$ cat protein18.txt   # compact mmCIF, C-alpha atoms and all ligand atoms
# COMPACT_ATOMS: atom_id res chain seq x y z
CA MET A 1 -14.59 40.49 10.69
CA THR A 2 -12.55 37.27 10.39
CA PHE A 3 -11.96 34.84 7.50
CA ARG A 4 -10.01 31.64 6.85
CA ALA A 5 -6.35 31.89 5.86
CA LEU A 6 -3.24 29.75 5.71
CA LEU A 7 -0.73 31.44 8.00
CA ALA A 8 3.03 30.81 7.88
CA THR A 9 4.94 31.24 11.14
CA LYS A 10 8.58 30.61 12.01
CA PRO A 11 8.70 29.89 15.72
CA HIS A 12 12.25 28.50 15.50
CA ASP A 13 14.35 27.59 12.42
CA ALA A 14 11.62 25.88 10.41
CA ILE A 15 8.52 27.41 8.82
CA SER A 16 5.17 25.92 9.76
CA THR A 17 1.75 26.63 8.28
CA GLN A 18 -1.73 26.36 9.72
CA VAL A 19 -5.25 27.23 8.61
CA VAL A 20 -6.48 29.94 11.03
CA GLU A 21 -9.26 32.50 11.49
CA PHE A 22 -7.59 35.79 10.49
CA ASP A 23 -8.82 39.27 11.39
CA GLU A 24 -9.43 41.58 8.42
CA ALA A 25 -7.96 44.46 10.46
CA ASP A 26 -4.59 42.66 10.35
CA LEU A 27 -4.37 42.55 6.53
CA SER A 28 -1.50 44.43 4.86
CA PRO A 29 -2.14 48.03 3.80
CA GLY A 30 -3.70 48.78 0.40
CA ASP A 31 -6.48 50.72 -1.29
CA VAL A 32 -8.45 47.74 -2.65
CA THR A 33 -9.91 44.81 -0.71
CA VAL A 34 -10.74 41.63 -2.60
CA ALA A 35 -12.95 38.63 -1.78
CA VAL A 36 -10.57 35.95 -3.00
CA ASP A 37 -11.95 33.06 -5.06
CA TYR A 38 -8.79 31.22 -6.11
CA SER A 39 -5.04 31.09 -5.65
CA THR A 40 -2.56 28.50 -6.94
CA VAL A 41 0.49 26.50 -5.87
CA ASN A 42 3.46 27.64 -7.96
CA TYR A 43 7.05 26.43 -7.71
CA LYS A 44 7.88 29.69 -5.89
CA ASP A 45 5.11 28.97 -3.36
CA GLY A 46 6.84 25.64 -2.73
CA LEU A 47 10.14 27.43 -2.13
CA ALA A 48 8.41 29.93 0.19
CA ILE A 49 6.42 27.48 2.30
CA THR A 50 9.23 24.98 2.77
CA GLY A 51 11.76 27.75 3.44
CA ARG A 52 14.04 26.24 0.79
CA MET A 53 14.59 29.83 -0.34
CA PRO A 54 14.05 32.88 1.89
CA ILE A 55 11.03 34.17 -0.05
CA ILE A 56 8.96 35.13 3.03
CA GLN A 57 10.65 38.12 4.66
CA SER A 58 8.31 38.80 7.56
CA PHE A 59 6.44 36.39 9.88
CA PRO A 60 3.65 35.64 10.50
CA LEU A 61 2.53 35.97 6.85
CA ILE A 62 -0.20 34.60 4.60
CA PRO A 63 1.71 33.06 1.65
CA GLY A 64 0.45 32.73 -1.93
CA ILE A 65 2.08 34.70 -4.76
CA ASP A 66 -1.12 35.13 -6.77
CA PHE A 67 -4.91 35.25 -6.45
CA SER A 68 -8.11 36.13 -8.27
CA GLY A 69 -11.40 37.39 -6.87
CA THR A 70 -13.89 40.24 -6.75
CA VAL A 71 -13.38 43.78 -5.44
CA ILE A 72 -15.41 44.37 -2.26
CA ALA A 73 -13.97 47.76 -1.21
CA SER A 74 -11.92 50.33 -3.11
CA THR A 75 -10.82 53.94 -2.69
CA ASN A 76 -9.44 53.99 -6.27
CA PRO A 77 -12.10 55.03 -8.82
CA ASP A 78 -10.47 52.75 -11.44
CA PHE A 79 -11.60 49.69 -9.42
CA ALA A 80 -15.28 49.35 -8.55
CA VAL A 81 -16.98 46.95 -6.17
CA GLY A 82 -17.82 43.83 -8.22
CA ASP A 83 -14.83 44.06 -10.61
CA PRO A 84 -13.13 40.68 -11.20
CA VAL A 85 -9.38 41.13 -10.60
CA LEU A 86 -6.13 39.19 -10.28
CA VAL A 87 -2.63 39.79 -8.90
CA ASN A 88 0.65 38.07 -9.81
CA GLY A 89 3.81 38.58 -7.81
CA TRP A 90 4.80 42.02 -6.52
CA ALA A 91 5.31 41.79 -2.73
CA LEU A 92 2.77 38.99 -2.17
CA SER A 93 4.30 36.30 0.03
CA HIS A 94 7.42 38.45 0.60
CA ASP A 95 6.32 41.05 3.13
CA HIS A 96 2.66 41.49 2.10
CA HIS A 97 -0.10 39.00 2.91
CA GLY A 98 -0.79 36.84 -0.15
CA GLY A 99 -3.50 34.78 -1.80
CA TYR A 100 -4.02 31.80 0.56
CA ALA A 101 -6.97 33.47 2.28
CA GLN A 102 -10.60 34.39 1.72
CA ARG A 103 -9.72 38.11 1.76
CA ALA A 104 -6.77 40.17 0.53
CA ARG A 105 -5.93 43.86 0.59
CA VAL A 106 -3.46 45.19 -2.00
CA LYS A 107 -2.23 48.30 -3.76
CA SER A 108 -4.44 49.00 -6.77
CA GLU A 109 -1.39 49.40 -9.03
CA TRP A 110 -0.73 45.66 -8.56
CA LEU A 111 -4.19 44.66 -9.84
CA VAL A 112 -5.14 43.51 -13.33
CA LYS A 113 -8.83 43.46 -14.31
CA ILE A 114 -9.55 39.96 -15.57
CA PRO A 115 -10.17 40.24 -19.32
CA GLN A 116 -13.26 38.69 -20.91
CA PRO A 117 -14.02 35.83 -21.40
CA LEU A 118 -11.82 34.59 -18.51
CA SER A 119 -13.48 33.82 -15.15
CA THR A 120 -11.73 34.16 -11.78
CA ARG A 121 -11.24 30.38 -11.95
CA ASP A 122 -9.68 30.54 -15.44
CA ALA A 123 -7.40 33.36 -14.30
CA MET A 124 -5.86 31.24 -11.56
CA ALA A 125 -5.88 28.03 -13.61
CA ILE A 126 -3.51 30.12 -15.74
CA GLY A 127 -1.93 31.69 -12.64
CA THR A 128 1.60 33.01 -12.40
CA ALA A 129 2.97 29.98 -14.25
CA GLY A 130 0.69 30.52 -17.25
CA TYR A 131 1.25 34.26 -17.26
CA THR A 132 5.01 33.58 -17.21
CA ALA A 133 4.55 31.21 -20.17
CA MET A 134 2.81 34.05 -22.03
CA LEU A 135 5.60 36.49 -21.13
CA SER A 136 7.98 33.91 -22.62
CA VAL A 137 5.95 33.63 -25.84
CA LEU A 138 5.85 37.44 -26.12
CA ALA A 139 9.66 37.50 -25.77
CA LEU A 140 10.02 34.87 -28.53
CA GLU A 141 7.82 36.98 -30.79
CA HIS A 142 9.76 40.12 -29.85
CA GLY A 143 12.93 38.28 -30.88
CA GLY A 144 11.43 37.65 -34.33
CA LEU A 145 10.38 34.01 -33.98
CA THR A 146 7.65 32.82 -36.36
CA PRO A 147 6.25 29.29 -36.87
CA ASP A 148 7.98 28.89 -40.26
CA ARG A 149 11.43 29.14 -38.61
CA GLY A 150 11.27 25.55 -37.26
CA ASP A 151 10.79 23.53 -34.08
CA VAL A 152 10.30 25.22 -30.71
CA LEU A 153 11.44 23.35 -27.59
CA VAL A 154 9.68 23.61 -24.21
CA THR A 155 11.63 22.25 -21.23
CA GLY A 156 10.00 21.23 -17.92
CA ALA A 157 7.03 20.59 -20.17
CA SER A 158 4.82 18.75 -17.64
CA GLY A 159 5.16 21.62 -15.15
CA GLY A 160 3.00 24.74 -14.86
CA VAL A 161 5.00 27.08 -17.10
CA GLY A 162 5.81 24.26 -19.52
CA SER A 163 2.24 22.94 -19.90
CA VAL A 164 0.81 26.36 -20.70
CA ALA A 165 3.74 27.18 -23.03
CA VAL A 166 3.09 23.97 -25.00
CA ALA A 167 -0.63 24.79 -25.29
CA LEU A 168 0.00 28.42 -26.28
CA LEU A 169 2.72 27.75 -28.84
CA SER A 170 0.88 24.90 -30.54
CA GLY A 171 -2.26 27.08 -30.70
CA LEU A 172 -0.19 29.76 -32.43
CA GLY A 173 0.90 27.28 -35.11
CA TYR A 174 4.36 26.29 -33.89
CA ARG A 175 5.69 22.73 -34.10
CA VAL A 176 6.35 22.13 -30.40
CA VAL A 177 8.84 19.63 -28.99
CA ALA A 178 8.27 18.92 -25.28
CA SER A 179 11.18 17.88 -23.04
CA THR A 180 10.16 15.98 -19.91
CA GLY A 181 11.51 13.66 -17.25
CA ARG A 182 8.09 11.97 -17.20
CA LEU A 183 7.73 10.13 -20.49
CA GLU A 184 4.57 8.55 -19.07
CA GLU A 185 3.04 12.02 -19.63
CA THR A 186 3.58 11.77 -23.40
CA ASP A 187 -0.15 11.44 -24.18
CA TYR A 188 -0.93 14.38 -21.90
CA LEU A 189 1.73 16.56 -23.57
CA LYS A 190 0.47 15.59 -27.03
CA SER A 191 -3.08 16.44 -25.96
CA LEU A 192 -1.78 19.93 -25.10
CA GLY A 193 -0.37 20.22 -28.61
CA ALA A 194 3.21 18.84 -28.51
CA THR A 195 4.17 17.19 -31.81
CA GLU A 196 7.12 15.35 -30.32
CA VAL A 197 8.19 14.46 -26.77
CA ILE A 198 11.85 13.95 -25.78
CA ASP A 199 13.49 12.62 -22.61
CA ARG A 200 14.97 15.48 -20.58
CA ARG A 201 18.09 13.36 -19.96
CA GLU A 202 19.09 14.25 -23.56
CA LEU A 203 19.68 17.79 -22.25
CA SER A 204 20.51 17.52 -18.56
CA GLN A 205 24.22 16.54 -18.61
CA ALA A 206 27.25 18.70 -19.48
CA GLY A 207 27.48 19.05 -23.29
CA ALA A 208 29.45 20.72 -26.09
CA PRO A 209 29.54 24.54 -26.25
CA VAL A 210 27.89 24.38 -29.70
CA ALA A 211 26.12 21.37 -31.21
CA ASN A 212 23.89 20.47 -34.16
CA GLU A 213 21.26 23.12 -34.77
CA ARG A 214 17.83 21.84 -33.68
CA TRP A 215 15.68 24.62 -32.25
CA ALA A 216 14.38 27.81 -33.84
CA GLY A 217 13.32 28.85 -30.36
CA ALA A 218 12.86 27.53 -26.83
CA VAL A 219 11.02 28.25 -23.60
CA ASP A 220 13.19 27.08 -20.70
CA SER A 221 12.05 26.91 -17.07
CA VAL A 222 14.82 24.54 -15.95
CA GLY A 223 18.20 26.38 -16.18
CA SER A 224 21.60 24.77 -15.53
CA HIS A 225 23.00 22.20 -18.05
CA THR A 226 19.61 21.98 -19.74
CA LEU A 227 19.64 25.65 -20.69
CA ALA A 228 23.32 25.51 -21.71
CA ASN A 229 22.57 22.57 -24.04
CA VAL A 230 19.46 24.23 -25.44
CA LEU A 231 21.53 27.31 -26.32
CA ALA A 232 24.21 25.10 -27.89
CA GLN A 233 21.56 23.46 -30.10
CA THR A 234 19.72 26.64 -31.10
CA LYS A 235 19.71 27.58 -34.79
CA TYR A 236 21.25 30.70 -36.28
CA ARG A 237 19.34 33.80 -35.03
CA GLY A 238 17.16 31.63 -32.78
CA VAL A 239 15.56 32.92 -29.55
CA VAL A 240 15.54 31.23 -26.13
CA THR A 241 13.74 32.43 -22.99
CA THR A 242 14.82 31.66 -19.42
CA CYS A 243 12.53 31.99 -16.41
CA GLY A 244 13.27 29.15 -14.03
CA ILE A 245 15.68 27.11 -11.99
CA ALA A 246 14.04 23.66 -11.66
CA GLN A 247 17.37 21.96 -12.47
CA GLY A 248 19.51 24.76 -11.03
CA PRO A 249 20.31 28.48 -11.18
CA ASP A 250 23.73 27.95 -12.80
CA LEU A 251 24.42 28.39 -16.52
CA PRO A 252 27.45 26.20 -17.28
CA GLY A 253 27.81 27.05 -20.99
CA SER A 254 29.79 29.28 -23.30
CA VAL A 255 29.24 32.51 -25.25
CA LEU A 256 29.73 30.66 -28.55
CA PRO A 257 26.00 30.29 -29.36
CA PHE A 258 25.70 34.08 -29.04
CA VAL A 259 28.82 35.10 -30.96
CA LEU A 260 28.77 32.36 -33.64
CA ARG A 261 25.04 31.88 -34.15
CA ASN A 262 23.58 35.21 -33.10
CA VAL A 263 21.34 33.42 -30.60
CA THR A 264 19.28 35.63 -28.27
CA LEU A 265 18.71 34.67 -24.62
CA ALA A 266 15.77 36.61 -23.18
CA GLY A 267 15.27 36.81 -19.41
CA ILE A 268 11.73 36.56 -18.06
CA ASP A 269 10.64 38.07 -14.73
CA SER A 270 6.97 37.98 -13.83
CA VAL A 271 7.21 39.48 -10.34
CA ASN A 272 8.04 43.09 -11.14
CA ALA A 273 6.97 43.18 -14.80
CA PRO A 274 5.57 46.63 -15.73
CA GLN A 275 1.80 46.94 -15.81
CA LYS A 276 1.77 47.52 -19.60
CA VAL A 277 3.49 44.17 -20.15
CA ARG A 278 1.12 42.39 -17.73
CA LEU A 279 -1.95 43.81 -19.48
CA GLU A 280 -0.60 42.68 -22.86
CA ALA A 281 0.15 39.18 -21.51
CA TRP A 282 -3.30 38.78 -19.93
CA SER A 283 -5.13 40.06 -22.99
CA ARG A 284 -3.17 37.63 -25.19
CA LEU A 285 -3.93 34.77 -22.75
CA ALA A 286 -7.65 35.59 -22.99
CA LYS A 287 -7.39 35.45 -26.80
CA ASP A 288 -4.83 32.74 -27.54
CA LEU A 289 -5.15 30.06 -24.85
CA ASP A 290 -7.52 27.15 -25.45
CA LEU A 291 -9.40 26.97 -22.13
CA ASN A 292 -10.34 23.31 -22.72
CA LYS A 293 -6.64 22.42 -22.85
CA LEU A 294 -6.12 24.47 -19.71
CA ASN A 295 -8.82 22.59 -17.80
CA SER A 296 -7.10 19.30 -18.59
CA THR A 297 -3.92 20.60 -16.88
CA THR A 298 -5.67 21.75 -13.69
CA SER A 299 -6.54 20.08 -10.39
CA THR A 300 -8.18 21.80 -7.41
CA ILE A 301 -7.37 21.68 -3.67
CA GLY A 302 -8.38 23.59 -0.50
CA LEU A 303 -6.27 25.65 1.93
CA ALA A 304 -5.55 22.62 4.13
CA GLN A 305 -3.82 20.68 1.30
CA ILE A 306 -1.43 23.47 0.23
CA ASP A 307 1.47 22.45 2.47
CA ASP A 308 1.58 18.87 1.12
CA VAL A 309 1.17 19.93 -2.51
CA ALA A 310 3.89 22.59 -2.18
CA ARG A 311 6.39 19.87 -1.28
CA LEU A 312 5.27 17.70 -4.22
CA VAL A 313 5.71 20.67 -6.59
CA LEU A 314 9.35 21.02 -5.51
CA ASP A 315 9.85 17.29 -6.11
CA GLY A 316 8.53 17.69 -9.68
CA LYS A 317 5.63 15.35 -8.88
CA ILE A 318 2.75 17.66 -9.85
CA ARG A 319 1.47 17.74 -13.41
CA GLY A 320 0.22 21.05 -14.81
CA ARG A 321 -1.48 23.56 -12.54
CA THR A 322 -2.87 23.29 -9.02
CA LEU A 323 -5.75 25.64 -8.25
CA VAL A 324 -6.54 26.55 -4.62
CA ASP A 325 -10.25 27.13 -3.96
CA VAL A 326 -9.86 29.23 -0.80
CA ASN A 327 -13.57 28.84 0.01
CA ALA A 328 -13.67 25.04 -0.28
P1 LIG A 401 6.66 23.19 -11.83
O1 LIG A 401 7.20 22.54 -10.63
O2 LIG A 401 5.20 23.12 -12.12
O3 LIG A 401 7.43 22.66 -13.13
C1 LIG A 401 8.83 22.53 -13.18
C2 LIG A 401 9.13 21.36 -14.11
O4 LIG A 401 10.54 21.30 -14.31
C3 LIG A 401 8.77 20.00 -13.51
O5 LIG A 401 7.42 19.68 -13.70
C4 LIG A 401 9.68 19.08 -14.30
O6 LIG A 401 9.08 18.88 -15.59
C5 LIG A 401 10.93 19.95 -14.53
N1 LIG A 401 11.99 19.61 -13.57
C6 LIG A 401 11.88 19.49 -12.23
N2 LIG A 401 13.06 19.17 -11.68
C7 LIG A 401 13.95 19.08 -12.71
C8 LIG A 401 15.33 18.76 -12.80
N3 LIG A 401 16.06 18.46 -11.71
N4 LIG A 401 15.91 18.76 -14.01
C9 LIG A 401 15.20 19.06 -15.13
N5 LIG A 401 13.88 19.35 -15.10
C10 LIG A 401 13.26 19.37 -13.91
O7 LIG A 401 7.11 24.71 -11.73
P2 LIG A 401 6.61 25.98 -12.58
O8 LIG A 401 6.33 25.54 -13.96
O9 LIG A 401 5.60 26.71 -11.80
O10 LIG A 401 7.94 26.86 -12.56
C11 LIG A 401 9.06 26.41 -13.28
C12 LIG A 401 10.27 27.28 -12.93
O11 LIG A 401 10.02 28.60 -13.36
C13 LIG A 401 10.58 27.35 -11.44
O12 LIG A 401 11.97 27.39 -11.25
C14 LIG A 401 9.95 28.67 -11.03
O13 LIG A 401 10.56 29.22 -9.89
C15 LIG A 401 10.19 29.49 -12.26
N6 LIG A 401 9.28 30.61 -12.42
C16 LIG A 401 9.82 31.84 -12.60
C17 LIG A 401 9.04 32.92 -12.78
C18 LIG A 401 9.67 34.23 -13.06
O14 LIG A 401 9.03 35.25 -12.88
N7 LIG A 401 10.92 34.24 -13.52
C19 LIG A 401 7.57 32.83 -12.69
C20 LIG A 401 7.08 31.45 -12.59
C21 LIG A 401 7.93 30.39 -12.43
P3 LIG A 401 9.15 17.44 -16.31
O15 LIG A 401 8.68 16.45 -15.28
O16 LIG A 401 8.22 17.58 -17.47
O17 LIG A 401 10.58 17.21 -16.70

$ encode --input "protein18.txt" --output "structure tokens"
Amino acid sequence: MTFRALLATKPHDAISTQVVEFDEADLSPGDVTVAVDYSTVNYKDGLAITGRMPIIQSFPLIPGIDFSGTVIASTNPDFAVGDPVLVNGWALSHDHHGGYAQRARVKSEWLVKIPQPLSTRDAMAIGTAGYTAMLSVLALEHGGLTPDRGDVLVTGASGGVGSVAVALLSGLGYRVVASTGRLEETDYLKSLGATEVIDRRELSQAGAPVANERWAGAVDSVGSHTLANVLAQTKYRGVVTTCGIAQGPDLPGSVLPFVLRNVTLAGIDSVNAPQKVRLEAWSRLAKDLDLNKLNSTTSTIGLAQIDDVARLVLDGKIRGRTLVDVNA
């Protein structure tokens, strides 16, 4: 049997992608086969498809670091035909065929059953970016942050991780300050729950090793000078999470926020997170995320538009989340 898929090849130096008819027999090994409904275009998908970072390790490969759908074959009794499931990360789009296809075959230990009341569409509207935002919120809570401690900053706020982090934190009762390079998105960010919106240029240049205390906590997906400045402005015993490199992977700061102000910097990795942590994150997303806010952050494309959108994501030109309807 064949199905439609976006296939990445690397005939010479550059990666190219094309929508093709793919044979199910050529899928990667695994004990569960899924009829895919949705995937998404994350920042990491942009890096993979453009080859800006060597994410794809084996060609030809179906990219797509996440997907949701319905089990159509399984040799693991924990997953029955008809179960709605999702996958984030693991080896998808590295050396295992990913989510940009109408079928996928994976190891059952990678799968999460989609918790009620989320649909397969909701699950990918959240996607890896939203799940990473939840992992960040869990890390803030683990570090002792509570809404009474003061303002929480979200950087890269118009992006996928940022948008969901703003919606989640405001829903949990935090006063959220959104940092963005797109001040024209102020109304959008306020509709997600931001109380205040600041220009990211306030944070993006080299700054002092410690500065006035502003943030009780922060969710950073930007890195570089932005993260160094956020740490320098974090209050005594504040908590900051780091998951991304949209400004850069460097951290040009000092240890002073840690040794003078007892600030905690928590690293966030979604790709290899243990299953227990994933299940907690997805059950909290099902409970805590306002799905109406989520829908306002989401646009939908088909397989043929992925390549163009992936480039726009890397240029910071996409607002919120981009859902891929693989059957469109
Ligand atoms: P998006 O592209 O959707 O959002 C990134 C946002 O960062 C942009 O929308 C923009 O927000 C801001 N930004 C872009 N360029 C710059 C810049 N030069 N300086 C400062 N801010 C900038 O990506 P995602 O939200 O999907 O991912 C964000 C980051 O998190 C990426 O680096 C991604 O790789 C990483 N990530 C890591 C994961 C992990 O497991 N550790 C999982 C998921 C994502 P605005 O316009 O509002 O300023």

$ atom_distance --input "protein18.txt" --atom1 "CA of Val222 (chain A)" --atom2 "CA of Val166 (chain A)"
14.8 Å

$ closest_atom_pairs --input "protein18.txt" --of "chain A" --to "ligand LIG 401 (chain A)" --cutoff "6 Å" --atoms "all atoms listed in the file" --output "tab-separated table"
residue	atom	partner	partner_atom	distance
A:Asn42	CA	A:LIG401	O9	4.5
A:Tyr43	CA	A:LIG401	O9	4.3
A:Lys44	CA	A:LIG401	O13	4.8
A:Thr128	CA	A:LIG401	C20	5.7
A:Ala129	CA	A:LIG401	C20	4.7
A:Thr132	CA	A:LIG401	C19	5.2
A:Gly156	CA	A:LIG401	O6	3.4
A:Ala157	CA	A:LIG401	O16	4.2
A:Ser158	CA	A:LIG401	O16	3.6
A:Gly159	CA	A:LIG401	O3	3.2
A:Gly160	CA	A:LIG401	O8	3.5
A:Val161	CA	A:LIG401	O8	3.7
A:Gly162	CA	A:LIG401	O8	5.7
A:Thr180	CA	A:LIG401	O17	3.5
A:Gly181	CA	A:LIG401	O17	3.7
A:Arg182	CA	A:LIG401	O15	4.9
A:Ser221	CA	A:LIG401	C12	4.5
A:Val222	CA	A:LIG401	N5	5.3
A:Cys243	CA	A:LIG401	N7	4.0
A:Gly244	CA	A:LIG401	O11	3.4
A:Ile245	CA	A:LIG401	O12	3.8
A:Ala246	CA	A:LIG401	O12	4.3
A:Gln247	CA	A:LIG401	C8	3.8
A:Ile268	CA	A:LIG401	N7	5.2
A:Asp269	CA	A:LIG401	O14	3.7
A:Ser270	CA	A:LIG401	O14	3.5
A:Val271	CA	A:LIG401	O14	5.3
A:Val313	CA	A:LIG401	O1	4.7
A:Leu314	CA	A:LIG401	O1	5.8
A:Gly316	CA	A:LIG401	C3	4.5

$ closest_residue --input "protein18.txt" --among "A:Asp122, A:Asn292, A:Ser254, A:Leu111" --to "Gly193 (chain A)" --atoms "only C-alpha atoms"
A:Asn292

$ closest_residue --input "protein18.txt" --among "A:Met53, A:Leu231, A:Ala139, A:Val240" --to "Gly253 (chain A)" --atoms "all atoms listed in the file"
A:Leu231

$ atom_distance --input "protein18.txt" --atom1 "CA of Asp308 (chain A)" --atom2 "CA of Ile49 (chain A)"
9.9 Å

$ residues_around --input "protein18.txt" --residues "Val263 (chain A)" --least-positions-apart "2" --cutoff "12 Å" --atoms "only C-alpha atoms" --output "JSON, numbers by chain"
{"A": [140, 143, 144, 145, 210, 213, 215, 216, 217, 218, 230, 231, 232, 233, 234, 235, 236, 237, 238, 239, 240, 241, 254, 255, 256, 257, 258, 259, 260, 261, 265, 266]}

$ closest_residue --input "protein18.txt" --among "A:Leu189, A:Leu86, A:Ala310, A:Ile126" --to "Gly99 (chain A)" --atoms "only C-alpha atoms"
A:Leu86

$ build_atoms --input "protein18.txt" --residues "region 154-161 of chain A" --atoms "all heavy atoms" --output "PDB file, in the coordinates of the input"
ATOM      1  N   VAL A 154      10.131  23.173 -25.542  1.00  0.00           N
ATOM      2  CA  VAL A 154       9.680  23.610 -24.210  1.00  0.00           C
ATOM      3  C   VAL A 154      10.256  22.628 -23.201  1.00  0.00           C
ATOM      4  O   VAL A 154       9.988  21.421 -23.273  1.00  0.00           O
ATOM      5  CB  VAL A 154       8.137  23.628 -24.110  1.00  0.00           C
ATOM      6  CG1 VAL A 154       7.707  23.973 -22.689  1.00  0.00           C
ATOM      7  CG2 VAL A 154       7.542  24.623 -25.106  1.00  0.00           C
ATOM      8  N   THR A 155      11.070  23.118 -22.261  1.00  0.00           N
ATOM      9  CA  THR A 155      11.630  22.250 -21.230  1.00  0.00           C
ATOM     10  C   THR A 155      10.732  22.296 -19.982  1.00  0.00           C
ATOM     11  O   THR A 155       9.917  23.202 -19.839  1.00  0.00           O
ATOM     12  CB  THR A 155      13.061  22.666 -20.852  1.00  0.00           C
ATOM     13  OG1 THR A 155      13.004  23.984 -20.294  1.00  0.00           O
ATOM     14  CG2 THR A 155      13.980  22.634 -22.054  1.00  0.00           C
ATOM     15  N   GLY A 156      10.885  21.301 -19.098  1.00  0.00           N
ATOM     16  CA  GLY A 156      10.000  21.230 -17.920  1.00  0.00           C
ATOM     17  C   GLY A 156       8.559  21.188 -18.359  1.00  0.00           C
ATOM     18  O   GLY A 156       7.667  21.768 -17.730  1.00  0.00           O
ATOM     19  N   ALA A 157       8.308  20.444 -19.460  1.00  0.00           N
ATOM     20  CA  ALA A 157       7.030  20.590 -20.170  1.00  0.00           C
ATOM     21  C   ALA A 157       5.815  20.138 -19.363  1.00  0.00           C
ATOM     22  O   ALA A 157       4.718  20.641 -19.577  1.00  0.00           O
ATOM     23  CB  ALA A 157       7.092  19.825 -21.498  1.00  0.00           C
ATOM     24  N   SER A 158       5.991  19.195 -18.430  1.00  0.00           N
ATOM     25  CA  SER A 158       4.820  18.750 -17.640  1.00  0.00           C
ATOM     26  C   SER A 158       4.503  19.697 -16.501  1.00  0.00           C
ATOM     27  O   SER A 158       3.480  19.538 -15.839  1.00  0.00           O
ATOM     28  CB  SER A 158       5.077  17.367 -17.030  1.00  0.00           C
ATOM     29  OG  SER A 158       5.470  16.464 -17.996  1.00  0.00           O
ATOM     30  N   GLY A 159       5.382  20.676 -16.252  1.00  0.00           N
ATOM     31  CA  GLY A 159       5.160  21.620 -15.150  1.00  0.00           C
ATOM     32  C   GLY A 159       4.184  22.712 -15.551  1.00  0.00           C
ATOM     33  O   GLY A 159       3.613  22.700 -16.656  1.00  0.00           O
ATOM     34  N   GLY A 160       3.981  23.673 -14.635  1.00  0.00           N
ATOM     35  CA  GLY A 160       3.000  24.740 -14.860  1.00  0.00           C
ATOM     36  C   GLY A 160       3.369  25.633 -16.032  1.00  0.00           C
ATOM     37  O   GLY A 160       2.574  25.810 -16.964  1.00  0.00           O
ATOM     38  N   VAL A 161       4.578  26.210 -16.001  1.00  0.00           N
ATOM     39  CA  VAL A 161       5.000  27.080 -17.100  1.00  0.00           C
ATOM     40  C   VAL A 161       5.038  26.273 -18.402  1.00  0.00           C
ATOM     41  O   VAL A 161       4.523  26.708 -19.449  1.00  0.00           O
ATOM     42  CB  VAL A 161       6.405  27.685 -16.821  1.00  0.00           C
ATOM     43  CG1 VAL A 161       6.893  28.476 -18.022  1.00  0.00           C
ATOM     44  CG2 VAL A 161       6.385  28.570 -15.578  1.00  0.00           C
TER      45      VAL A 161
END
